[in-house]
>>> print(open('work07.pdb').read())   # PDB, C-alpha atoms
ATOM      1  CA  MET A   1     131.396 113.414  92.244
ATOM      2  CA  THR A   2     132.872 112.659  95.625
ATOM      3  CA  VAL A   3     132.121 109.286  97.118
ATOM      4  CA  VAL A   4     129.249 110.585  99.180
ATOM      5  CA  GLU A   5     127.484 113.793  98.435
ATOM      6  CA  ARG A   6     126.951 115.195 101.885
ATOM      7  CA  ARG A   7     124.126 117.601 102.173
ATOM      8  CA  GLU A   8     121.093 117.669 104.350
ATOM      9  CA  ILE A   9     118.894 114.680 103.806
ATOM     10  CA  ALA A  10     115.756 115.611 101.919
ATOM     11  CA  LEU A  11     112.572 115.107 103.873
ATOM     12  CA  VAL A  12     110.970 113.099 101.081
ATOM     13  CA  ASP A  13     113.813 110.603 101.039
ATOM     14  CA  LEU A  14     113.610 110.287 104.782
ATOM     15  CA  LEU A  15     109.858 109.765 104.796
ATOM     16  CA  ASP A  16     110.104 107.158 102.035
ATOM     17  CA  ARG A  17     112.164 105.166 104.495
ATOM     18  CA  LEU A  18     110.534 105.983 107.805
ATOM     19  CA  LEU A  19     106.944 105.654 106.650
ATOM     20  CA  ALA A  20     107.321 102.866 104.126
ATOM     21  CA  GLY A  21     110.372 101.129 105.583
ATOM     22  CA  GLY A  22     111.456  99.877 108.971
ATOM     23  CA  VAL A  23     110.055  96.931 110.850
ATOM     24  CA  VAL A  24     106.348  97.283 111.555
ATOM     25  CA  ILE A  25     105.484  96.171 115.044
ATOM     26  CA  THR A  26     102.055  96.577 116.452
ATOM     27  CA  GLY A  27     102.944  97.528 119.980
ATOM     28  CA  ASP A  28     100.999  98.727 122.964
ATOM     29  CA  ILE A  29     100.393 102.081 121.433
ATOM     30  CA  THR A  30     101.916 101.975 118.013
ATOM     31  CA  LEU A  31      99.612 102.985 115.264
ATOM     32  CA  ARG A  32      99.973 101.400 111.964
ATOM     33  CA  ILE A  33     101.103 104.373 109.992
ATOM     34  CA  ALA A  34      98.827 103.202 107.230
ATOM     35  CA  ASP A  35      95.829 103.572 109.512
ATOM     36  CA  VAL A  36      96.568 107.183 110.128
ATOM     37  CA  ASP A  37      94.664 109.565 107.993
ATOM     38  CA  LEU A  38      97.448 111.638 106.554
ATOM     39  CA  VAL A  39      95.336 114.630 105.905
ATOM     40  CA  ARG A  40      97.839 116.883 104.203
ATOM     41  CA  ILE A  41      97.476 116.578 100.496
ATOM     42  CA  ASP A  42     101.184 116.601  99.763
ATOM     43  CA  LEU A  43     101.715 113.956 102.324
ATOM     44  CA  ASN A  44      99.087 111.749 100.790
ATOM     45  CA  ALA A  45     100.754 112.092  97.446
ATOM     46  CA  LEU A  46     104.105 111.425  98.964
ATOM     47  CA  ILE A  47     103.274 108.191 100.601
ATOM     48  CA  SER A  48     100.640 106.894  98.276
ATOM     49  CA  SER A  49     102.472 103.606  98.392
ATOM     50  CA  VAL A  50     102.014 103.209 102.093
ATOM     51  CA  GLY A  51      98.280 102.768 101.993
ATOM     52  CA  ARG A  52      98.447  99.538 100.089
ATOM     53  CA  GLY A  53      99.512  96.560 102.111
ATOM     54  CA  VAL A  54     101.907  97.645 104.779
ATOM     55  CA  PRO A  55     104.069  94.630 105.500
ATOM     56  CA  ALA A  56     103.351  93.563 109.047
ATOM     57  CA  LEU A  57     106.098  91.456 110.464
ATOM     58  CA  TRP A  58     104.547  90.394 113.682
ATOM     59  CA  GLU A  59     100.885  90.422 114.291
ATOM     60  CA  GLU A  60      99.761  91.902 117.491
ATOM     61  CA  PRO A  61      97.927  89.872 119.989
ATOM     62  CA  ARG A  62      99.503  90.893 123.225
ATOM     63  CA  ASP A  63      97.048  93.050 125.060
ATOM     64  CA  GLU A  64      97.572  91.618 128.481
ATOM     65  CA  VAL A  65     100.599  93.810 129.176
ATOM     66  CA  THR A  66      98.683  97.013 128.992
ATOM     67  CA  SER A  67      95.751  98.428 130.810
TER      68      SER A  67
ATOM     69  CA  MET B  68     116.016 102.675 131.714
ATOM     70  CA  THR B  69     114.737 103.196 135.191
ATOM     71  CA  ALA B  70     112.400 106.137 134.897
ATOM     72  CA  MET B  71     108.859 104.853 134.726
ATOM     73  CA  THR B  72     107.175 108.026 133.622
ATOM     74  CA  GLY B  73     106.389 108.602 130.005
ATOM     75  CA  LEU B  74     106.187 106.112 127.186
ATOM     76  CA  ARG B  75     108.924 104.177 125.440
ATOM     77  CA  TYR B  76     109.800 105.059 121.885
ATOM     78  CA  VAL B  77     111.798 102.300 120.183
ATOM     79  CA  TYR B  78     114.157 103.195 117.318
ATOM     80  CA  ALA B  79     115.856  99.961 116.518
ATOM     81  CA  ILE B  80     116.754  96.452 117.591
ATOM     82  CA  CYS B  81     120.432  95.571 117.551
ATOM     83  CA  ARG B  82     122.827  92.909 118.612
ATOM     84  CA  PRO B  83     124.765  93.947 121.721
ATOM     85  CA  PHE B  84     127.574  96.352 120.864
ATOM     86  CA  GLU B  85     130.563  97.627 122.771
ATOM     87  CA  ALA B  86     130.925 101.236 121.733
ATOM     88  CA  ALA B  87     129.067 103.956 123.560
ATOM     89  CA  LEU B  88     126.536 106.160 121.828
ATOM     90  CA  GLN B  89     127.508 109.794 121.365
ATOM     91  CA  SER B  90     126.925 111.570 124.652
ATOM     92  CA  GLN B  91     125.210 114.527 122.997
ATOM     93  CA  LEU B  92     122.694 112.386 121.157
ATOM     94  CA  THR B  93     119.050 113.228 121.721
ATOM     95  CA  GLY B  94     115.984 111.336 120.631
ATOM     96  CA  VAL B  95     112.592 112.325 119.307
ATOM     97  CA  ALA B  96     111.368 114.259 122.322
ATOM     98  CA  GLY B  97     114.768 115.582 123.350
ATOM     99  CA  ALA B  98     115.603 112.782 125.797
ATOM    100  CA  PRO B  99     118.802 110.792 125.261
ATOM    101  CA  PRO B 100     118.301 107.295 123.897
ATOM    102  CA  GLY B 101     119.283 104.360 126.091
ATOM    103  CA  LEU B 102     119.750 100.640 125.639
ATOM    104  CA  LEU B 103     117.410  97.982 126.917
ATOM    105  CA  ARG B 104     118.961  94.527 126.839
ATOM    106  CA  HIS B 105     116.788  91.469 126.746
ATOM    107  CA  HIS B 106     117.326  87.900 125.538
ATOM    108  CA  GLY B 107     120.656  88.756 123.982
ATOM    109  CA  LEU B 108     119.256  91.628 121.926
ATOM    110  CA  VAL B 109     119.275  95.349 122.522
ATOM    111  CA  ALA B 110     116.394  97.737 121.991
ATOM    112  CA  VAL B 111     117.355 101.369 121.541
ATOM    113  CA  VAL B 112     114.686 103.387 123.322
ATOM    114  CA  SER B 113     113.979 106.810 124.731
ATOM    115  CA  THR B 114     111.291 108.201 126.950
ATOM    116  CA  VAL B 115     108.625 110.284 125.281
ATOM    117  CA  PRO B 116     105.788 112.223 126.896
ATOM    118  CA  GLU B 117     102.371 110.650 126.942
ATOM    119  CA  ARG B 118     100.740 113.928 125.967
ATOM    120  CA  ASP B 119     102.385 113.680 122.534
ATOM    121  CA  PHE B 120     102.807 109.973 121.971
ATOM    122  CA  ALA B 121      99.708 108.341 123.362
ATOM    123  CA  GLU B 122      97.500 107.041 120.594
ATOM    124  CA  GLU B 123      95.214 110.044 120.163
ATOM    125  CA  PRO B 124      97.808 112.827 120.198
ATOM    126  CA  LEU B 125     100.112 110.714 118.074
ATOM    127  CA  ARG B 126      97.419 110.235 115.493
ATOM    128  CA  ALA B 127      96.878 113.984 115.347
ATOM    129  CA  HIS B 128     100.596 114.769 115.207
ATOM    130  CA  LEU B 129     101.197 112.436 112.307
ATOM    131  CA  GLU B 130      98.944 114.657 110.235
ATOM    132  CA  ASP B 131     101.123 117.641 110.999
ATOM    133  CA  LEU B 132     103.974 117.955 108.536
ATOM    134  CA  ASP B 133     106.155 120.106 110.802
ATOM    135  CA  TRP B 134     105.859 117.715 113.708
ATOM    136  CA  LEU B 135     106.444 114.790 111.416
ATOM    137  CA  THR B 136     109.566 116.452 110.018
ATOM    138  CA  ASP B 137     111.099 117.050 113.447
ATOM    139  CA  THR B 138     110.261 113.556 114.607
ATOM    140  CA  ALA B 139     111.580 111.913 111.464
ATOM    141  CA  ARG B 140     114.840 113.859 111.657
ATOM    142  CA  ALA B 141     115.344 112.993 115.308
ATOM    143  CA  HIS B 142     114.563 109.334 114.620
ATOM    144  CA  GLN B 143     117.046 109.343 111.750
ATOM    145  CA  GLY B 144     119.647 111.023 113.982
ATOM    146  CA  VAL B 145     119.537 108.127 116.408
ATOM    147  CA  ILE B 146     119.626 105.491 113.661
ATOM    148  CA  ASP B 147     122.500 107.311 112.013
ATOM    149  CA  ALA B 148     124.475 107.307 115.260
ATOM    150  CA  LEU B 149     123.796 103.581 115.620
ATOM    151  CA  THR B 150     125.147 102.836 112.167
ATOM    152  CA  THR B 151     128.560 104.085 113.275
ATOM    153  CA  VAL B 152     128.763 101.392 115.957
ATOM    154  CA  THR B 153     126.622  98.487 114.722
ATOM    155  CA  THR B 154     124.122  97.415 112.063
ATOM    156  CA  PRO B 155     120.749  98.436 113.472
ATOM    157  CA  LEU B 156     117.423  96.967 112.503
ATOM    158  CA  PRO B 157     115.366 100.164 112.246
ATOM    159  CA  LEU B 158     111.731 100.144 113.286
ATOM    160  CA  ARG B 159     108.939 102.049 111.598
ATOM    161  CA  LEU B 160     108.552 105.652 112.717
ATOM    162  CA  ALA B 161     106.561 106.072 115.947
ATOM    163  CA  THR B 162     106.788 102.618 117.467
ATOM    164  CA  VAL B 163     105.735 103.327 121.051
ATOM    165  CA  PHE B 164     105.230 101.160 124.132
ATOM    166  CA  ARG B 165     103.781 101.924 127.536
ATOM    167  CA  ASP B 166     106.789 100.775 129.486
ATOM    168  CA  ASP B 167     109.950  98.699 129.432
ATOM    169  CA  SER B 168     108.037  95.513 130.028
ATOM    170  CA  GLY B 169     106.048  96.128 126.867
ATOM    171  CA  VAL B 170     109.303  96.515 124.968
ATOM    172  CA  ARG B 171     110.641  93.269 126.434
ATOM    173  CA  VAL B 172     107.538  91.365 125.444
ATOM    174  CA  MET B 173     107.904  92.713 121.908
ATOM    175  CA  MET B 174     111.543  91.609 121.826
ATOM    176  CA  GLU B 175     110.637  88.105 122.960
ATOM    177  CA  THR B 176     107.748  87.793 120.583
ATOM    178  CA  GLY B 177     109.812  88.876 117.618
ATOM    179  CA  GLU B 178     113.099  87.347 118.669
ATOM    180  CA  ALA B 179     113.495  84.767 115.912
ATOM    181  CA  GLY B 180     112.564  87.229 113.199
ATOM    182  CA  PHE B 181     114.833  89.920 114.605
ATOM    183  CA  ARG B 182     117.770  87.555 114.668
ATOM    184  CA  ARG B 183     117.217  86.372 111.133
ATOM    185  CA  THR B 184     116.825  89.901 109.834
ATOM    186  CA  LEU B 185     119.854  91.161 111.755
ATOM    187  CA  ASP B 186     121.916  88.370 110.219
ATOM    188  CA  ARG B 187     120.696  89.237 106.764
ATOM    189  CA  LEU B 188     121.450  92.940 107.184
ATOM    190  CA  ASP B 189     124.710  92.608 109.096
ATOM    191  CA  GLY B 190     127.388  94.818 107.555
ATOM    192  CA  ARG B 191     125.034  96.087 104.824
ATOM    193  CA  VAL B 192     123.905  99.596 104.059
ATOM    194  CA  GLU B 193     121.227 101.020 101.841
ATOM    195  CA  TRP B 194     121.852 103.361  98.915
ATOM    196  CA  GLY B 195     119.075 105.363  97.307
ATOM    197  CA  VAL B 196     119.148 106.088  93.584
ATOM    198  CA  LYS B 197     116.656 108.322  91.852
ATOM    199  CA  VAL B 198     116.244 109.263  88.228
ATOM    200  CA  HIS B 199     114.550 112.540  87.354
ATOM    201  CA  LEU B 200     113.385 113.826  84.031
ATOM    202  CA  ASP B 201     113.548 117.613  83.839
ATOM    203  CA  PRO B 202     110.548 119.454  82.494
ATOM    204  CA  VAL B 203     110.799 120.626  78.886
ATOM    205  CA  ARG B 204     111.502 124.285  78.338
ATOM    206  CA  GLU B 205     108.445 126.227  77.384
ATOM    207  CA  PRO B 206     108.109 126.313  73.617
ATOM    208  CA  GLU B 207     109.783 128.731  71.335
ATOM    209  CA  THR B 208     106.797 130.900  70.297
ATOM    210  CA  VAL B 209     107.562 134.240  71.938
ATOM    211  CA  GLU B 210     111.280 134.199  72.437
ATOM    212  CA  ASP B 211     113.687 136.144  70.306
ATOM    213  CA  GLU B 212     111.333 136.389  67.362
ATOM    214  CA  PRO B 213     111.255 139.777  65.685
ATOM    215  CA  THR B 214     107.614 140.676  66.076
ATOM    216  CA  ASP B 215     106.913 141.515  62.465
ATOM    217  CA  ALA B 216     108.947 138.795  60.787
ATOM    218  CA  ALA B 217     106.222 136.225  60.620
ATOM    219  CA  SER B 218     108.602 133.510  59.613
ATOM    220  CA  PRO B 219     106.728 130.412  58.521
ATOM    221  CA  GLU B 220     109.164 128.230  60.467
ATOM    222  CA  SER B 221     108.215 129.532  63.863
ATOM    223  CA  ARG B 222     104.603 130.552  63.672
ATOM    224  CA  PRO B 223     101.747 128.260  62.764
ATOM    225  CA  THR B 224     100.277 129.338  59.479
ATOM    226  CA  SER B 225      96.985 127.553  59.894
ATOM    227  CA  GLY B 226      94.942 125.576  62.335
ATOM    228  CA  ARG B 227      96.158 122.384  60.732
ATOM    229  CA  ASP B 228      99.760 123.511  61.087
ATOM    230  CA  TYR B 229      99.143 124.364  64.716
ATOM    231  CA  LEU B 230      97.732 120.920  65.418
ATOM    232  CA  ARG B 231     100.601 119.241  63.631
ATOM    233  CA  ARG B 232     103.100 121.097  65.784
ATOM    234  CA  ARG B 233     101.189 120.326  68.910
ATOM    235  CA  ARG B 234     101.163 116.631  68.060
ATOM    236  CA  GLN B 235     104.885 116.769  67.482
ATOM    237  CA  ARG B 236     105.458 118.283  70.864
ATOM    238  CA  VAL B 237     103.318 115.679  72.581
ATOM    239  CA  ARG B 238     105.137 112.974  70.695
ATOM    240  CA  SER B 239     108.515 114.337  71.689
ATOM    241  CA  ASP B 240     107.417 114.486  75.356
ATOM    242  CA  GLU B 241     106.392 110.868  75.085
ATOM    243  CA  ASP B 242     109.714 110.016  73.499
ATOM    244  CA  ARG B 243     111.632 111.717  76.259
ATOM    245  CA  TRP B 244     109.571 109.926  78.868
ATOM    246  CA  ARG B 245     110.090 106.600  77.160
ATOM    247  CA  GLN B 246     113.831 107.174  76.841
ATOM    248  CA  ALA B 247     114.054 108.162  80.487
ATOM    249  CA  GLU B 248     112.131 105.056  81.489
ATOM    250  CA  GLU B 249     114.349 102.860  79.391
ATOM    251  CA  PHE B 250     117.407 104.438  80.896
ATOM    252  CA  ALA B 251     116.010 104.005  84.408
ATOM    253  CA  SER B 252     115.195 100.393  83.746
ATOM    254  CA  ARG B 253     118.693  99.669  82.419
ATOM    255  CA  LEU B 254     120.200 101.463  85.389
ATOM    256  CA  HIS B 255     118.020  99.536  87.828
ATOM    257  CA  THR B 256     119.006  96.225  86.258
ATOM    258  CA  ALA B 257     122.694  97.116  86.381
ATOM    259  CA  LEU B 258     122.559  98.318  89.982
ATOM    260  CA  SER B 259     120.470  95.346  91.109
ATOM    261  CA  GLY B 260     123.240  93.140  89.750
ATOM    262  CA  HIS B 261     125.629  94.774  92.199
ATOM    263  CA  ALA B 262     123.269  94.740  95.169
ATOM    264  CA  GLU B 263     122.028  91.946  97.386
ATOM    265  CA  GLU B 264     118.484  93.235  97.293
ATOM    266  CA  ALA B 265     116.646  96.027  95.569
ATOM    267  CA  ARG B 266     113.394  97.757  96.314
ATOM    268  CA  LEU B 267     111.356 100.250  94.340
ATOM    269  CA  HIS B 268     109.704 103.062  96.233
ATOM    270  CA  ALA B 269     106.805 104.999  94.783
ATOM    271  CA  PRO B 270     107.948 107.887  92.587
ATOM    272  CA  GLN B 271     108.256 111.082  94.563
ATOM    273  CA  ASN B 272     105.822 113.895  94.213
ATOM    274  CA  SER B 273     107.605 116.852  92.687
ATOM    275  CA  THR B 274     105.809 119.415  94.857
ATOM    276  CA  LEU B 275     107.056 117.782  97.992
ATOM    277  CA  SER B 276     110.540 116.965  96.836
ATOM    278  CA  GLY B 277     110.972 120.409  95.312
ATOM    279  CA  VAL B 278     112.554 118.749  92.302
ATOM    280  CA  PRO B 279     110.943 119.926  89.071
ATOM    281  CA  GLY B 280     109.970 117.445  86.421
ATOM    282  CA  GLN B 281     109.142 113.815  86.939
ATOM    283  CA  ASN B 282     110.648 111.211  89.176
ATOM    284  CA  VAL B 283     111.146 108.206  86.934
ATOM    285  CA  LEU B 284     112.943 105.888  89.347
ATOM    286  CA  ASN B 285     113.031 105.884  93.146
ATOM    287  CA  ALA B 286     114.956 102.804  94.179
ATOM    288  CA  ALA B 287     116.874 101.473  97.163
ATOM    289  CA  TYR B 288     119.713  98.965  97.054
ATOM    290  CA  LEU B 289     121.129  96.820  99.831
ATOM    291  CA  VAL B 290     124.900  96.726  99.514
ATOM    292  CA  PRO B 291     127.655  95.336 101.757
ATOM    293  CA  ARG B 292     129.400  98.255 103.400
ATOM    294  CA  ALA B 293     132.711  96.976 102.059
ATOM    295  CA  GLU B 294     131.418  97.159  98.478
ATOM    296  CA  SER B 295     129.867 100.573  98.801
ATOM    297  CA  GLU B 296     132.648 102.467  97.159
ATOM    298  CA  GLU B 297     132.372 100.247  94.117
ATOM    299  CA  PHE B 298     128.616 100.707  94.039
ATOM    300  CA  VAL B 299     128.926 104.479  94.237
ATOM    301  CA  GLU B 300     131.452 104.463  91.421
ATOM    302  CA  LEU B 301     129.084 102.382  89.332
ATOM    303  CA  VAL B 302     126.322 104.933  89.845
ATOM    304  CA  ASP B 303     128.759 107.654  88.980
ATOM    305  CA  ARG B 304     129.728 105.963  85.728
ATOM    306  CA  THR B 305     126.146 105.497  84.618
ATOM    307  CA  LYS B 306     125.607 109.156  85.315
ATOM    308  CA  ASP B 307     128.258 109.868  82.723
ATOM    309  CA  ASP B 308     126.745 107.330  80.369
ATOM    310  CA  VAL B 309     123.437 109.099  80.260
ATOM    311  CA  LEU B 310     125.099 112.307  79.215
ATOM    312  CA  GLY B 311     126.437 110.477  76.198
ATOM    313  CA  VAL B 312     123.087 109.146  75.031
ATOM    314  CA  PRO B 313     122.163 111.084  71.907
ATOM    315  CA  GLY B 314     118.818 112.755  71.913
ATOM    316  CA  VAL B 315     118.284 112.358  75.622
ATOM    317  CA  SER B 316     118.377 115.538  77.588
ATOM    318  CA  GLY B 317     117.300 116.437  81.057
ATOM    319  CA  ILE B 318     117.792 113.056  82.718
ATOM    320  CA  ARG B 319     119.435 113.317  86.116
ATOM    321  CA  VAL B 320     120.613 110.626  88.472
ATOM    322  CA  GLU B 321     120.712 111.300  92.188
ATOM    323  CA  LEU B 322     122.404 109.198  94.820
ATOM    324  CA  THR B 323     121.580 109.262  98.548
ATOM    325  CA  GLY B 324     123.101 107.352 101.410
ATOM    326  CA  PRO B 325     124.497 105.386 102.966
ATOM    327  CA  TRP B 326     121.316 104.738 104.912
ATOM    328  CA  ALA B 327     120.579 102.140 107.537
ATOM    329  CA  ALA B 328     118.711  99.350 105.775
ATOM    330  CA  TYR B 329     115.262 100.891 106.276
ATOM    331  CA  SER B 330     113.878  99.605 103.021
ATOM    332  CA  PHE B 331     114.942  96.023 103.630
ATOM    333  CA  THR B 332     113.500  95.138 107.003
ATOM    334  CA  GLY B 333     110.188  93.705 105.936
ATOM    335  CA  GLU B 334     111.095  90.642 103.941
ATOM    336  CA  LEU B 335     109.897  88.116 106.449
ATOM    337  CA  SER B 336     106.280  89.128 106.492
ATOM    338  CA  GLY B 337     105.131  86.060 104.593
ATOM    339  CA  GLU B 338     106.807  83.558 106.857
ATOM    340  CA  GLU B 339     105.820  85.242 110.043
ATOM    341  CA  ARG B 340     102.123  85.195 109.589
TER     342      ARG B 340
END
>>> encode(input="work07.pdb", output="structure tokens")
Amino acid sequence: MTVVERREIALVDLLDRLLAGGVVITGDITLRIADVDLVRIDLNALISSVGRGVPALWEEPRDEVTS
Amino acid sequence: MTAMTGLRYVYAICRPFEAALQSQLTGVAGAPPGLLRHHGLVAVVSTVPERDFAEEPLRAHLEDLDWLTDTARAHQGVIDALTTVTTPLPLRLATVFRDDSGVRVMMETGEAGFRRTLDRLDGRVEWGVKVHLDPVREPETVEDEPTDAASPESRPTSGRDYLRRRRQRVRSDEDRWRQAEEFASRLHTALSGHAEEARLHAPQNSTLSGVPGQNVLNAAYLVPRAESEEFVELVDRTKDDVLGVPGVSGIRVELTGPWAAYSFTGELSGEER
């Protein structure tokens, strides 16, 4: 094996990180990904972990900035 | 960021960095990402159209796998470019603000946490390690059996015999699964010992990953960039180890990375609340 196997990143690996990782900020518009009804069956299976307790770093209250 | 039309999509928070981003780089809606400095931190943002990223359309889009794929890849492209010049703190996919002032407020509100997390992640990367167990080959019944040679070895001679064989097969599946789990658990322990932090993701669905069989381990490890080569070699060695385990077949180890530390951004949740 070479040090890094370079091939296109698999979507599942990417979604593991982008939908279950990264800092969660409740912004002006940001949805909590967990609140979104991920209708596609495969997608539900994929991110079954996301539904339970998304770690929220900073809680929102900051409505005054927006309309 | 001067244009006031559209919304602001934020990819990451970083400490200020010198190097320029690649000039060809485009963000999630095709616009080039820019830097918004505030309070000694930098937000990496790009402008996205309201028709796609306002709450309602965004909600609908996130249910669309094709849209999600394009967006995730573009998001990753920006984060990947950032990792060549700094250690970014990646934000969750689709973090959108109305305008720059909304982004600044977010940066102020989260400042202490951002700084702590950036310190913790500085110079680290994430490696993904997965263990798969291949499906068993379909049983022997039909294969190269001469049709008339009803050999007692290969064909059940009675209902009881049939059940006995079936139980054996189930038992051997369970054995394989158990062996794979034990291997995965040993591997995880060993790799955790060489990582600063470890995180287990949910096993991947085989339909979506396109990998047949079962995903036994789906883990992420936070490793100093300088120790990455060592870590990769360690994974490589364990890969060889598994091939030497007698009686275990069909276990595969897969390595991905280096990633930005996506899986290690959320540790402060307890303190922050």
>>> closest_atom_pairs(input="work07.pdb", of="chain B", to="chain A", cutoff="6 Å", atoms="only C-alpha atoms", output="CSV")
residue,atom,partner,partner_atom,distance
B:Glu122,CA,A:Ile29,CA,5.8
B:Glu130,CA,A:Leu38,CA,5.0
B:Pro157,CA,A:Gly22,CA,5.1
B:Leu158,CA,A:Gly22,CA,4.3
B:Arg159,CA,A:Gly22,CA,4.2
B:Leu160,CA,A:Leu18,CA,5.3
B:Thr162,CA,A:Thr30,CA,4.9
B:Val163,CA,A:Thr30,CA,5.1
B:Phe164,CA,A:Asp28,CA,5.0
B:Ala269,CA,A:Ser49,CA,5.8
B:Asn272,CA,A:Leu46,CA,5.6
B:Ser276,CA,A:Val12,CA,5.8
B:Tyr329,CA,A:Gly22,CA,4.8
B:Ser330,CA,A:Gly21,CA,4.6
B:Thr332,CA,A:Val23,CA,5.5
B:Gly333,CA,A:Val23,CA,5.9
B:Ser336,CA,A:Leu57,CA,4.6
>>> closest_residue(input="work07.pdb", among="B:Leu129, B:Leu149, B:Leu289, B:Val196", to="B:Phe84", atoms="all atoms listed in the file")
B:Leu149
>>> resolve_selection(input="work07.pdb", expression="the PyMOL selection byres ((chain B and resi 252) around 12)", output="VMD selection string")
chain B and resid 197 to 198 245 to 251 253 to 259 267 283 to 286
>>> closest_residue(input="work07.pdb", among="B:His105, B:Ala262, B:Glu300, B:Pro325", to="B:Glu175", atoms="all atoms listed in the file")
B:His105
